[in-house]
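These notes are about the structure you will find just below.
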Amino acid sequence: MTDSYAVIGNPIRHTKSPLIHTTFARQTGQDIDYGSLEAPLGGFAAVVDRFRAGGGCGLNITAPFKLDAFAYATELKEAARRAGAVNAMKFEGDHVIADNFDGIGLVNDIQRNLEWPIKGRRVLLLGAGGAAHGALLPILEQQPAEVVIVNRTVRRAEEMRDQIATRGTLLATGFAELPHAHPGPFDLVINATSASQQDELPPIDTGVFAATTLAYEMVYGKGLTPFLRLAKSAGAPRLADGVGMLVEQAAEAFLWWRGVRPHTRPLIEHLTVPLA
Ligand code: NDP
């Protein structure tokens with residue numbers, strides 16, 4: 001019998017997840033069906049209940065439901081618990097097992113695909129929302145020299161820092177204070193804000209970049225965003241958007257559900273929008 005999976009979000013019409021998982025299934029010979037579900041705001045649980053009652057095996061969760069999924073789960077895996085957010089669920093009888101693969105997807109993209117080791121590097125993380133929360137621990141596990149979290153709402157950056165027990169290398173600040181408190185350049189600058197969705201630039205200056213910096217934009221499919229344009233103008237030699245992170249987190253979810261790891265590179269190449 002064909003096993004049924006889907007991605008749930010609102011809006012959901014631009015999602016790439018059905019294409020990604022259908023391609024993975026074809027590549028690995030897995031008999032699955034993968035669709036998309038748009039739940040009304042406040043209606044997450046009812047839509048998921050219906051999907052499960054219809055025999056659904058698992059879901060990916062995208063904005064704005066990652067916290068609803070966290071509340072809905074009966075069992076949280078370590079990464080979901082630590083991130084405070086869920087991006088994948090597996091249904092086994094009455095059990096709803098929940099995990100978060102955003103952070104490992106980001107780290108796999110940076111280290112394996114872009115061949116950019118994080119160990120010993122200075123990292124600047126822009127943003128303190130769900131995506132930044134998911135990214136923080138997998139980044140810290142790579143033993144960077146230092147991670148500075150900078151956020152528009154400084155309190156959220158400080159709360160993120162304070163949630164981590166061993167925080168010798170972890171710092172938090174606001175955009176206005178950044179150039180004085182933690183001057184650049186950084187080896188890796190990750191834009192985990194949603195500013196690029198509105199074609200906006202987080203208030204950073206060219207001093208965070210150097211001729212050795214990887215500038216990583218989590219938003220994908222938009223070409224050269226204001227953040228990547230600034231990095232390019234500052235001479236950063238490596239630019240990347242979040243398409244690799246998207247495909248890598250999907251691969252982790254697929255492995256978790258199906259027990260087989262798909263190849264990611266052909267799909268990343270297929271989905272990449274040139275950064276020009
Ligand atoms: P959230 O809404 O949880 O957080 C948004 C963050 O962006 C907050 O830190 C917010 O600051 C900050 N922000 C928003 N607008 C601005 C601005 N104009 N200037 C400076 N900071 C700003 O979103 P997520 O964390 O879930 O997602 C962030 C981005 O990452 C999204 O655009 C999403 O598309 C992308 N993403 C990509 C993934 C991938 O696989 N490639 C996976 C997950 C997310 P404040 O706290 O002050 O409001």
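Scheme for the structure tokens: letters A, B, ... for chains in order shown; per-chain residue numbers from 1; ligand numbers from 1 in order shown.
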
Residues of chain A at most 9 Å from ligand 1: nearest atom pair and distance in Å, only C-alpha atoms and all ligand atoms, as a tab-separated table:
residue	atom	partner	partner_atom_place_in_ligand_line	distance
A:Thr62	CA	ligand 1	43 (C)	7.5
A:Ala63	CA	ligand 1	26 (O)	6.3
A:Pro64	CA	ligand 1	26 (O)	7.6
A:Lys66	CA	ligand 1	26 (O)	8.1
A:Asn87	CA	ligand 1	43 (C)	8.8
A:Asp102	CA	ligand 1	42 (C)	5.7
A:Gly103	CA	ligand 1	42 (C)	8.4
A:Gly105	CA	ligand 1	40 (O)	7.3
A:Leu106	CA	ligand 1	40 (O)	7.4
A:Leu126	CA	ligand 1	9 (O)	7.2
A:Gly127	CA	ligand 1	9 (O)	3.6
A:Ala128	CA	ligand 1	9 (O)	3.9
A:Gly129	CA	ligand 1	4 (O)	3.4
A:Gly130	CA	ligand 1	25 (O)	3.8
A:Ala131	CA	ligand 1	25 (O)	3.6
A:Ala132	CA	ligand 1	25 (O)	5.6
A:His133	CA	ligand 1	25 (O)	7.4
A:Gly134	CA	ligand 1	25 (O)	8.4
A:Val150	CA	ligand 1	9 (O)	8.5
A:Asn151	CA	ligand 1	9 (O)	5.6
A:Arg152	CA	ligand 1	47 (O)	3.9
A:Thr153	CA	ligand 1	47 (O)	3.8
A:Val154	CA	ligand 1	47 (O)	7.2
A:Arg155	CA	ligand 1	46 (O)	8.4
A:Arg156	CA	ligand 1	46 (O)	6.1
A:Ala157	CA	ligand 1	46 (O)	7.9
A:Phe175	CA	ligand 1	20 (C)	8.5
A:Asn191	CA	ligand 1	30 (O)	7.7
A:Ala192	CA	ligand 1	30 (O)	5.0
A:Thr193	CA	ligand 1	7 (O)	3.2
A:Ser194	CA	ligand 1	32 (O)	3.5
A:Ala195	CA	ligand 1	15 (N)	4.0
A:Ser196	CA	ligand 1	32 (O)	6.6
A:Gln197	CA	ligand 1	32 (O)	5.7
A:Gln198	CA	ligand 1	18 (N)	7.4
A:Asp199	CA	ligand 1	18 (N)	8.4
A:Glu200	CA	ligand 1	18 (N)	5.4
A:Leu201	CA	ligand 1	19 (N)	6.1
A:Pro202	CA	ligand 1	19 (N)	4.0
A:Pro203	CA	ligand 1	19 (N)	6.5
A:Glu217	CA	ligand 1	41 (N)	8.0
A:Met218	CA	ligand 1	41 (N)	4.6
A:Val219	CA	ligand 1	35 (C)	4.6
A:Tyr220	CA	ligand 1	41 (N)	5.9
A:Asp241	CA	ligand 1	41 (N)	7.3
A:Gly242	CA	ligand 1	41 (N)	3.7
A:Val243	CA	ligand 1	41 (N)	5.4
A:Gly244	CA	ligand 1	41 (N)	7.0
A:Met245	CA	ligand 1	40 (O)	4.6
A:Leu246	CA	ligand 1	40 (O)	3.3
A:Val247	CA	ligand 1	40 (O)	7.1
A:Glu248	CA	ligand 1	40 (O)	8.0
A:Gln249	CA	ligand 1	40 (O)	6.7
A:Ala250	CA	ligand 1	40 (O)	8.4

**OP:** Name the residues in contact with range 1-8 of chain A at a cut-off of 7 Å, using only C-alpha atoms, excluding same-chain residues fewer than 5 positions from it; report them as an MDAnalysis selection string.
**Re:** chainID A and resid 17 31:39 56:62

**OP:** With a distance cut-off of 10 Å and only C-alpha atoms, select the neighbouring residues of Ala145 in chain A, excluding the residue or stretch itself and same-chain residues fewer than 4 positions from it, and output the selection as a ChimeraX atom specification.
**Re:** /A:118-123,140,168-170

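Closest to Glu146 in chain A among A:Phe254, A:Phe51, A:Tyr72, A:Phe186 is A:Phe186, based on only C-alpha atoms.
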
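Shortest atom-to-atom contact with Thr28 in chain A among A:Ile139, A:Val148, A:Leu67, A:Ala251: A:Ala251, counting only C-alpha atoms.
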
Subject >> DSSP strand (DSSP E or B) residues within range 44-192 of chain A, as a PyMOL selection string >> reply: chain A and resi 58-61+75-76+88-92+95-99+122-126+146-150+170-173+188-191

Subject >> DSSP-assigned alpha helix (DSSP H) among range 190-239 of chain A, expressed as a list in words >> reply: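 The alpha helix (DSSP H) residues within range 190-239 of chain A come out as Pro226, Phe227, Leu228, Arg229, Leu230, Ala231, Lys232 and Ser233 of chain A.
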
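Put simply, CA of Pro179 in chain A is 12.8 Å away from CA of Ile149 in chain A.
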
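In terms of minimum interatomic distance to Ala71 in chain A, A:Ala45 ranks closest within A:Gly54, A:Thr272, A:Ala45, A:Phe91, counting only C-alpha atoms.
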
**OP:** Within 6 Å of Thr206 in chain A, counting only C-alpha atoms, which residues show up once you throw out same-chain ones fewer than 2 positions away? Write them as number ranges by chain, please.
**Re:** A: 208-209, 234

Original post:
Could you work out how far CA of Phe70 in chain A lies from CA of Glu92 in chain A, giving the answer in Å with one decimal?
Top reply: 16.5 Å

Original post:
So what do you get for CA of Glu115 in chain A versus CA of Arg238 in chain A, distance-wise?
Top reply: 10.9 Å

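Omitting Ile97 in chain A and its sequence neighbours fewer than 3 positions away, and counting only C-alpha atoms, the residues within 6 Å are A:Glu75, A:Met89, A:Lys90.
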
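Near Leu114 in chain A, within 9 Å and counting only C-alpha atoms, sit A:Asn108, A:Asp109, A:Ile110, A:Arg238, A:Ala240, not including residues fewer than 4 positions from it in the same chain.
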
**OP:** Return the single residue from A:Phe101, A:Leu19, A:Ala83, A:Arg13 that is closest to Leu255 in chain A, with distances computed using only C-alpha atoms.
**Re:** A:Phe101

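Closest to Ile12 in chain A among A:Ala231, A:Gln30, A:Ala53, A:Pro40 is A:Pro40, based on only C-alpha atoms.
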
Original post:
From the list A:Ala172, A:Leu178, A:Ala80, A:Val107, which residue is nearest Gly207 in chain A when using only C-alpha atoms?
Top reply: A:Leu178
